[in-house]
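See below for protein.cif, which holds mmCIF, C-alpha atoms and all ligand atoms.
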data_model
#
loop_
_atom_site.label_atom_id
_atom_site.label_comp_id
_atom_site.auth_asym_id
_atom_site.auth_seq_id
_atom_site.Cartn_x
_atom_site.Cartn_y
_atom_site.Cartn_z
CA MET P 1076 0.00 0.00 0.00
CA GLY P 1077 1.45 3.39 -0.97
CA TRP P 1078 1.34 6.19 1.50
CA ARG P 1079 0.92 9.95 1.22
CA SER P 1080 1.14 12.66 3.81
CA LYS P 1081 -2.56 13.38 4.08
CA MET P 1082 -3.50 10.73 6.56
CA ARG P 1083 -6.65 11.26 8.59
CA THR P 1084 -6.70 10.68 12.32
CA GLN P 1085 -7.63 7.04 12.65
CA TYR P 1086 -7.30 4.02 14.84
CA VAL P 1087 -5.15 1.33 13.21
CA ALA P 1088 -4.61 -1.66 15.48
CA THR P 1089 -3.71 -2.67 19.02
CA ILE P 1090 -0.37 -4.02 20.21
CA ALA P 1091 -0.35 -6.30 23.26
CA LEU P 1092 2.02 -4.36 25.54
CA ASP P 1093 4.35 -6.35 27.76
CA GLU P 1094 3.54 -4.49 30.98
CA ALA P 1095 6.53 -5.84 32.92
CA ARG P 1096 9.10 -4.90 30.27
CA LEU P 1097 7.37 -1.56 29.70
CA ALA P 1098 7.51 -0.77 33.43
CA LYS P 1099 11.25 -1.49 33.42
CA ASP P 1100 11.85 0.90 30.53
CA ILE P 1101 9.74 3.60 32.13
CA GLU P 1102 11.73 3.17 35.34
CA GLN P 1103 14.91 3.73 33.29
CA THR P 1104 13.59 7.11 32.10
CA ALA P 1105 13.62 8.46 35.66
CA SER P 1106 17.28 9.41 35.14
CA PHE P 1107 16.71 10.97 31.66
CA ARG P 1108 16.82 14.69 31.06
CA PHE P 1109 13.44 15.54 29.55
CA SER P 1110 13.02 18.61 27.37
CA GLU P 1111 10.24 21.07 28.16
CA ALA P 1112 10.19 22.46 24.62
CA TYR P 1113 6.65 23.18 23.36
CA SER P 1114 5.34 23.72 26.89
CA ASN P 1115 3.88 27.01 25.64
CA TYR P 1116 1.21 24.82 23.96
CA LEU P 1117 0.02 23.73 27.38
CA ILE P 1118 -1.80 25.40 30.23
CA GLY P 1119 -1.15 23.62 33.52
CA GLY P 1120 1.72 21.15 33.71
CA PRO P 1121 4.55 21.17 31.13
CA TRP P 1122 4.97 19.03 28.00
CA LYS P 1123 7.95 16.82 28.73
CA SER P 1124 9.56 14.89 25.93
CA VAL P 1125 12.65 12.87 25.28
CA MET P 1126 13.99 11.86 21.87
CA LEU P 1127 14.34 8.11 21.36
CA TRP P 1128 14.96 8.17 17.59
CA ALA P 1129 16.21 11.26 15.78
CA PRO P 1130 18.46 12.46 12.93
CA ASP P 1131 22.04 11.32 13.57
CA GLY P 1132 20.87 9.64 16.78
CA ASP P 1133 21.09 13.04 18.44
CA THR P 1134 19.15 13.46 21.69
CA GLY P 1135 19.24 17.21 21.08
CA SER P 1136 17.15 19.89 22.71
CA GLY P 1137 13.70 18.54 21.81
CA VAL P 1138 13.10 21.47 19.42
CA MET P 1139 12.61 19.55 16.20
CA THR P 1140 13.71 22.26 13.77
CA THR P 1141 17.17 22.38 15.44
CA TYR P 1142 18.19 18.80 14.50
CA ALA P 1143 20.50 17.93 11.57
CA ASN P 1144 17.40 16.94 9.63
CA GLU P 1145 19.25 15.93 6.43
CA GLN P 1146 21.04 13.15 8.40
CA ARG P 1147 19.80 9.60 8.69
CA SER P 1148 17.79 8.95 11.84
CA ALA P 1149 18.81 6.38 14.45
CA PHE P 1150 18.16 5.49 18.05
CA THR P 1151 19.51 8.08 20.47
CA GLU P 1152 21.51 7.31 23.58
CA TYR P 1153 18.21 7.34 25.51
CA GLY P 1154 16.45 5.12 22.97
CA ARG P 1155 19.25 2.55 23.25
CA ARG P 1156 18.72 2.37 27.00
CA LEU P 1157 15.09 1.23 26.54
CA PRO P 1158 15.31 -2.32 25.13
CA TYR P 1159 11.58 -2.99 25.12
CA LEU P 1160 10.61 0.25 23.39
CA GLN P 1161 13.51 -0.11 20.97
CA GLU P 1162 12.12 -3.51 19.99
CA LEU P 1163 8.55 -2.22 19.83
CA ILE P 1164 9.55 0.68 17.55
CA THR P 1165 11.68 -1.55 15.29
CA ASN P 1166 8.93 -4.14 14.95
CA THR P 1167 6.06 -1.72 14.44
CA VAL P 1168 7.07 0.83 11.79
CA ASP P 1169 9.07 1.32 8.59
CA LEU P 1170 12.35 2.69 9.99
CA SER P 1171 13.45 3.96 6.56
CA ARG P 1172 10.79 6.68 6.73
CA LEU P 1173 10.89 7.26 10.47
CA HIS P 1174 12.34 10.65 11.39
CA PHE P 1175 11.60 11.21 15.10
CA VAL P 1176 10.22 9.22 18.00
CA ARG P 1177 9.60 11.02 21.25
CA MET P 1178 8.37 9.79 24.55
CA ALA P 1179 5.94 12.52 25.60
CA VAL P 1180 4.61 12.92 29.10
CA PHE P 1181 2.08 15.36 30.46
CA THR P 1182 0.05 15.55 33.63
CA ASP P 1183 -2.92 17.61 34.75
CA SER P 1184 -2.83 20.03 31.84
CA VAL P 1185 -4.63 21.18 28.71
CA ILE P 1186 -3.15 21.56 25.23
CA ILE P 1187 -4.24 24.65 23.33
CA PRO P 1188 -6.05 23.83 20.04
CA HIS P 1189 -3.30 24.07 17.43
CA ARG P 1190 -1.84 22.74 14.20
CA ASP P 1191 1.61 21.19 14.18
CA TYR P 1192 4.20 21.44 11.37
CA LEU P 1193 3.48 25.13 10.63
CA GLU P 1194 7.06 26.11 11.50
CA LEU P 1195 8.68 23.63 9.09
CA THR P 1196 8.68 25.88 6.01
CA ASP P 1197 12.51 25.95 5.88
CA VAL P 1198 12.94 22.18 6.19
CA PRO P 1199 13.73 20.67 2.74
CA ASP P 1200 10.88 18.64 1.18
CA GLU P 1201 12.80 15.34 1.16
CA VAL P 1202 13.32 15.36 4.91
CA ARG P 1203 10.26 17.26 6.14
CA TRP P 1204 8.27 15.16 8.58
CA GLU P 1205 4.63 15.29 7.59
CA HIS P 1206 2.94 12.37 9.19
CA ARG P 1207 2.42 11.61 12.86
CA MET P 1208 1.48 8.48 14.71
CA HIS P 1209 0.75 7.92 18.41
CA ILE P 1210 1.04 4.85 20.59
CA PRO P 1211 -0.17 5.48 24.15
CA LEU P 1212 1.89 3.55 26.68
CA VAL P 1213 0.32 4.72 29.92
CA THR P 1214 -2.94 6.60 30.01
CA HIS P 1215 -6.17 6.95 31.97
CA GLU P 1216 -9.91 7.59 31.64
CA ASN P 1217 -9.58 11.36 31.65
CA CYS P 1218 -7.07 11.89 28.88
CA TRP P 1219 -9.00 13.11 25.85
CA PHE P 1220 -8.21 14.43 22.38
CA SER P 1221 -10.34 16.58 20.15
CA GLN P 1222 -10.38 17.15 16.43
CA ASP P 1223 -13.21 18.28 14.11
CA ASN P 1224 -15.41 18.64 17.18
CA VAL P 1225 -15.03 14.94 18.06
CA VAL P 1226 -13.71 14.19 21.54
CA TYR P 1227 -12.11 10.78 21.88
CA ARG P 1228 -9.71 8.59 23.83
CA MET P 1229 -6.77 6.53 22.71
CA ARG P 1230 -6.12 3.47 24.83
CA ALA P 1231 -2.76 2.05 25.86
CA GLY P 1232 -1.21 -0.11 23.15
CA GLU P 1233 -3.29 1.36 20.32
CA ILE P 1234 -1.63 2.60 17.15
CA TRP P 1235 -3.23 5.79 15.82
CA HIS P 1236 -2.49 7.81 12.71
CA PHE P 1237 -2.75 11.36 13.88
CA ASP P 1238 -3.49 14.23 11.51
CA ALA P 1239 -1.39 16.84 13.30
CA ALA P 1240 -1.81 19.28 10.40
CA GLN P 1241 -5.45 19.80 11.43
CA ILE P 1242 -6.44 21.72 14.54
CA HIS P 1243 -6.36 19.43 17.56
CA ALA P 1244 -6.39 19.76 21.34
CA ALA P 1245 -5.99 17.50 24.34
CA VAL P 1246 -6.56 17.39 28.09
CA SER P 1247 -5.20 15.14 30.77
CA LEU P 1248 -7.32 15.75 33.84
CA SER P 1249 -5.46 13.59 36.32
CA THR P 1250 -2.44 13.81 38.56
CA SER P 1251 -1.10 10.56 37.11
CA PRO P 1252 1.12 10.98 34.06
CA ARG P 1253 0.05 10.16 30.54
CA ILE P 1254 2.89 8.68 28.47
CA HIS P 1255 2.77 8.35 24.68
CA LEU P 1256 5.22 7.43 21.96
CA VAL P 1257 4.91 10.09 19.25
CA PHE P 1258 6.28 9.16 15.82
CA ASP P 1259 6.99 11.51 12.91
CA PHE P 1260 7.60 10.21 9.40
CA VAL P 1261 8.97 11.85 6.28
CA ASN P 1262 6.88 11.84 3.12
CA ARG P 1263 9.18 9.59 1.12
CA THR P 1264 7.68 6.91 -1.08
CA GLY P 1265 8.37 3.56 0.51
CA SER P 1266 7.63 0.05 -0.60
CA GLY P 1267 5.41 -1.32 2.13
CA SER P 1268 3.04 0.31 4.52
CA LEU P 1269 4.23 2.58 7.28
CA VAL P 1270 2.92 0.37 10.05
CA ASN P 1271 3.63 -3.28 10.49
CA ALA P 1272 0.19 -4.28 11.77
CA GLU P 1273 -3.02 -5.53 10.20
CA PRO P 1274 -5.65 -2.80 10.66
CA ASP P 1275 -8.28 -4.30 12.96
CA GLY P 1276 -10.69 -1.37 13.08
CA THR P 1277 -14.31 -1.22 12.00
CA GLY P 1278 -13.52 1.10 9.11
CA GLU P 1279 -14.61 4.10 11.15
CA ASP P 1280 -11.69 6.54 11.61
CA ILE P 1281 -12.47 7.18 15.25
CA PRO P 1282 -14.36 4.11 16.50
CA ALA P 1283 -17.65 4.83 18.28
CA GLN P 1284 -16.40 3.20 21.50
CA ARG P 1285 -13.51 5.67 21.63
CA ARG P 1286 -15.71 8.75 21.31
CA ILE P 1287 -16.81 10.74 24.33
CA ASP P 1288 -20.42 11.89 24.13
CA ARG P 1289 -20.86 15.41 25.33
CA PRO P 1290 -24.11 17.25 26.09
CA ARG P 1291 -24.69 20.34 23.97
CA LEU P 1292 -23.41 23.59 25.41
CA THR P 1293 -26.60 25.40 26.42
CA ASP P 1294 -27.27 29.13 26.06
CA VAL P 1295 -26.99 29.39 29.84
CA GLY P 1296 -23.60 27.63 29.75
CA ARG P 1297 -22.42 29.91 26.99
CA ALA P 1298 -23.60 33.01 28.83
CA GLY P 1299 -21.67 31.80 31.89
CA LEU P 1300 -18.48 31.52 29.85
CA MET P 1301 -19.07 34.98 28.38
CA ARG P 1302 -19.16 36.42 31.92
CA LEU P 1303 -15.46 35.45 32.21
CA ALA P 1304 -14.96 38.60 30.12
CA ASP P 1305 -15.69 40.68 33.23
CA VAL P 1306 -12.52 39.42 34.94
CA LEU P 1307 -10.34 38.78 31.86
CA THR P 1308 -7.13 40.84 31.83
CA MET P 1309 -3.65 40.32 30.38
CA ASP P 1310 -2.72 38.73 33.73
CA ASN P 1311 -5.09 35.78 33.41
CA VAL P 1312 -5.47 35.09 29.68
CA ARG P 1313 -4.02 31.60 30.07
CA GLU P 1314 -6.17 30.69 33.08
CA VAL P 1315 -9.34 31.87 31.36
CA PHE P 1316 -8.40 30.03 28.16
CA SER P 1317 -7.84 26.87 30.19
CA ILE P 1318 -11.43 27.10 31.51
CA VAL P 1319 -12.72 27.64 27.97
CA ILE P 1320 -10.77 24.66 26.60
CA LYS P 1321 -11.87 22.37 29.44
CA SER P 1322 -15.48 23.37 28.89
CA HIS P 1323 -15.12 22.45 25.19
CA PHE P 1324 -14.14 18.93 26.31
CA ARG P 1325 -17.23 18.69 28.57
CA TRP P 1326 -19.89 20.34 26.40
CA ASP P 1327 -20.39 20.37 22.67
CA GLY P 1328 -20.37 24.00 21.57
CA GLY P 1329 -19.84 23.20 17.87
CA GLU P 1330 -16.84 23.51 15.53
CA ASN P 1331 -13.96 25.75 16.64
CA THR P 1332 -15.77 26.53 19.84
CA ALA P 1333 -12.65 26.97 22.01
CA TRP P 1334 -10.93 29.62 19.87
CA ASP P 1335 -14.24 31.28 18.88
CA THR P 1336 -15.42 31.53 22.48
CA MET P 1337 -12.03 32.80 23.67
CA THR P 1338 -12.04 35.42 20.91
CA ASP P 1339 -15.58 36.52 21.85
CA ILE P 1340 -14.65 36.75 25.54
CA ALA P 1341 -11.50 38.73 24.65
CA ARG P 1342 -13.59 41.12 22.56
CA ALA P 1343 -15.86 41.73 25.57
CA SER P 1344 -12.97 42.20 28.02
CA PRO P 1345 -12.65 45.67 29.57
CA ASP P 1346 -8.87 45.43 28.97
CA PRO P 1347 -8.24 46.62 25.37
CA ALA P 1348 -4.89 44.80 25.19
CA VAL P 1349 -6.49 41.37 25.45
CA LEU P 1350 -8.19 41.08 22.05
CA PRO P 1351 -5.08 41.79 19.93
CA HIS P 1352 -3.12 39.40 22.15
CA VAL P 1353 -5.64 36.59 21.72
CA LEU P 1354 -5.81 37.18 17.95
CA GLU P 1355 -2.02 36.95 17.83
CA LEU P 1356 -2.06 33.69 19.82
CA ARG P 1357 -4.73 32.31 17.51
CA ARG P 1358 -2.57 33.14 14.50
CA TYR P 1359 0.51 31.51 16.07
CA PHE P 1360 -1.22 28.30 17.11
CA THR P 1361 -3.51 27.75 14.12
CA LEU P 1362 -2.27 29.67 11.07
CA ASP P 1363 1.31 30.81 10.81
CA ARG P 1364 4.41 30.39 12.95
CA THR P 1365 6.98 31.71 10.51
CA VAL P 1366 8.90 34.71 11.81
CA GLY P 1367 9.11 38.14 10.19
C1 LIG B 1 4.47 18.92 18.97
N1 LIG B 1 2.21 19.20 19.83
O1 LIG B 1 4.09 18.67 17.86
C2 LIG B 1 3.59 19.59 19.95
C3 LIG B 1 4.08 19.38 21.29
C4 LIG B 1 1.87 19.57 22.22
C5 LIG B 1 1.34 19.66 20.86
C6 LIG B 1 3.22 19.97 22.34
O2 LIG B 1 5.61 18.66 19.27
CO CO B 2 0.13 18.77 18.34
#
Translate the structure of the given file into structure tokens.
Amino acid sequence: MGWRSKMRTQYVATIALDEARLAKDIEQTASFRFSEAYSNYLIGGPWKSVMLWAPDGDTGSGVMTTYANEQRSAFTEYGRRLPYLQELITNTVDLSRLHFVRMAVFTDSVIIPHRDYLELTDVPDEVRWEHRMHIPLVTHENCWFSQDNVVYRMRAGEIWHFDAAQIHAAVSLSTSPRIHLVFDFVNRTGSGSLVNAEPDGTGEDIPAQRRIDRPRLTDVGRAGLMRLADVLTMDNVREVFSIVIKSHFRWDGGENTAWDTMTDIARASPDPAVLPHVLELRRYFTLDRTVG
């Protein structure tokens, strides 16, 4: 099966995780130096990541545009210290197209609705990573993703294609950490499929059993959110946005509700600096991250 970059978010298959070997590897990571790059996408706890597979086997800073991206990728020093995950990665994907694998951990936090890959305009076509895949390793009931106004869960051991080029958000409402493997692939034509697993889904991209049903956001609920405008100042933009994003995960306010509601609240804020600031954030996270 050929493969192109425009892969929709979809469940692929489930791997039977070896919990004992996984626990050993996770224990190993206690001594690793995690990067907090991209934590500005989160409100609450940081986004912690560690490179397991990267160009030139370089652990690097975690900021993906700073790697020697024209080099061949390989396991990093950290990746080589995780025998189970090294095996899992090698057995599960086409390494010839694999560019990065990160272990990504976050706890008790929300991820601002955003598109990834917007900052990669200077990365040459042949090495630009354009396709993402997730495999949750450790997760819980209250870790949710949203895309196209669908809120859903990924369970541990599941392989998911993840359309990171579309606006997506996430929450992890728990004090226990959520740990995923996050894969990025280059858009090179390869012989076989990207993933070494027979798809076992129902044909539905996001299976019904993975979706979280939310009640509609009522007019009363919406009016309540709008009253946040009364207290919204430059000092609390992030806190207010966190409330707005969490409410989007609990109630269905329609497409783009988090950014639209935040923009409406900003417009109604007594502080005139807030609206331009929120519009700038919206541009950065959803439209354009190139400088100048
Ligand atoms: C990324 N996605 O693509 C970011 C990290 C959360 C959202 C932070 O690396
Ligand atoms: Co993202």
- Task: Report as a PyMOL selection string which protein, DNA and RNA residues come within 10 Å of ligand LIG 1 (chain B), using only C-alpha atoms and all ligand atoms.
- Result: chain P and resi 1111-1117+1121-1124+1137-1139+1177+1179-1181+1185-1193+1207+1239-1240+1243-1245+1257-1259+1360
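Closest approach to Leu1092 in chain P among P:Ile1234, P:Ala1149, P:Arg1155, P:Gly1135 is made by P:Ile1234 (distances from all atoms listed in the file).
Near (-8.5, 23.1, 30.9), the residues that fall inside 7 Å on the basis of only C-alpha atoms are Ser1184, Val1185, Val1246, Ser1317, Ile1318, Val1319, Ile1320 and Lys1321 of chain P.
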Find the axis-aligned box for range 1103-1119 of chain P, covering all its listed atoms and adding 3 Å on each side, and write its centre and edge lengths in Å to one decimal as JSON.
{"center_x": 7.7, "center_y": 15.4, "center_z": 29.5, "size_x": 25.1, "size_y": 29.3, "size_z": 18.3}
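Closest approach to ligand CO 2 (chain B) among P:Met1208, P:Val1213, P:Leu1097, P:Cys1218 is made by P:Met1208 (distances from only C-alpha atoms and all ligand atoms).
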- Query: How many Å separate CA of Ile1254 in chain P from CA of Pro1211 in chain P?
  - Reply: 6.2 Å
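For the choices P:Ala1341, P:Val1312, P:Asp1238, P:Asn1262, the atom-to-atom distance to ligand CO 2 (chain B) is smallest for P:Asp1238 when using only C-alpha atoms and all ligand atoms.
When CA of Arg1291 in chain P is paired with CA of Ala1333 in chain P, their separation reads 13.9 Å.
Closest approach to Thr1182 in chain P among P:Met1229, P:Val1168, P:Val1295, P:Leu1248: P:Leu1248, based on all atoms listed in the file.
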- Residue with the minimum atom-to-atom distance to Tyr1159 in chain P, picked from P:Ile1101, P:Val1261, P:Met1309, P:Val1087 with all atoms listed in the file counted, is P:Ile1101
- Task: Mind checking which residues fall within 12 Å of Pro1290 in chain P, counting only C-alpha atoms, ignoring those fewer than 2 positions away in the same chain, and posting them as a count of residues only?
- Result: 14
- P:Asp1310, P:Glu1216, P:Asp1200, P:Asp1275 ranked by distance to Trp1235 in chain P, top pick (using all atoms listed in the file): P:Asp1275
- Surrounding residues of Asp1280 in chain P excluding itself and chain neighbours under 4 positions, 12 Å, only C-alpha atoms, as a ChimeraX atom specification: /P:1082-1088,1222,1225,1227,1235-1238,1274-1276,1284-1286
- Task: Up to 12 Å from (-5.2, 41.5, 23.5) in the file's coordinates: name the residues, counting all atoms listed in the file, as number ranges by chain.
- Result: P: 1307-1313, 1337-1357
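Put simply, CA of Glu1145 in chain P is 16.1 Å away from CA of Val1176 in chain P.
Residues in contact with Ser1148 in chain P at 12 Å, where all atoms listed in the file are counted and same-chain residues fewer than 3 positions away are skipped, are listed as Met1126, Leu1127, Trp1128, Ala1129, Pro1130, Asp1131, Gly1132, Asp1133, Thr1134, Tyr1142, Ala1143, Asn1144, Glu1145, Thr1151, Gly1154, Leu1170, Ser1171, Arg1172, Leu1173, His1174, Phe1175, Val1176, Val1202, Trp1204, Asp1259, Phe1260 and Val1261 of chain P.
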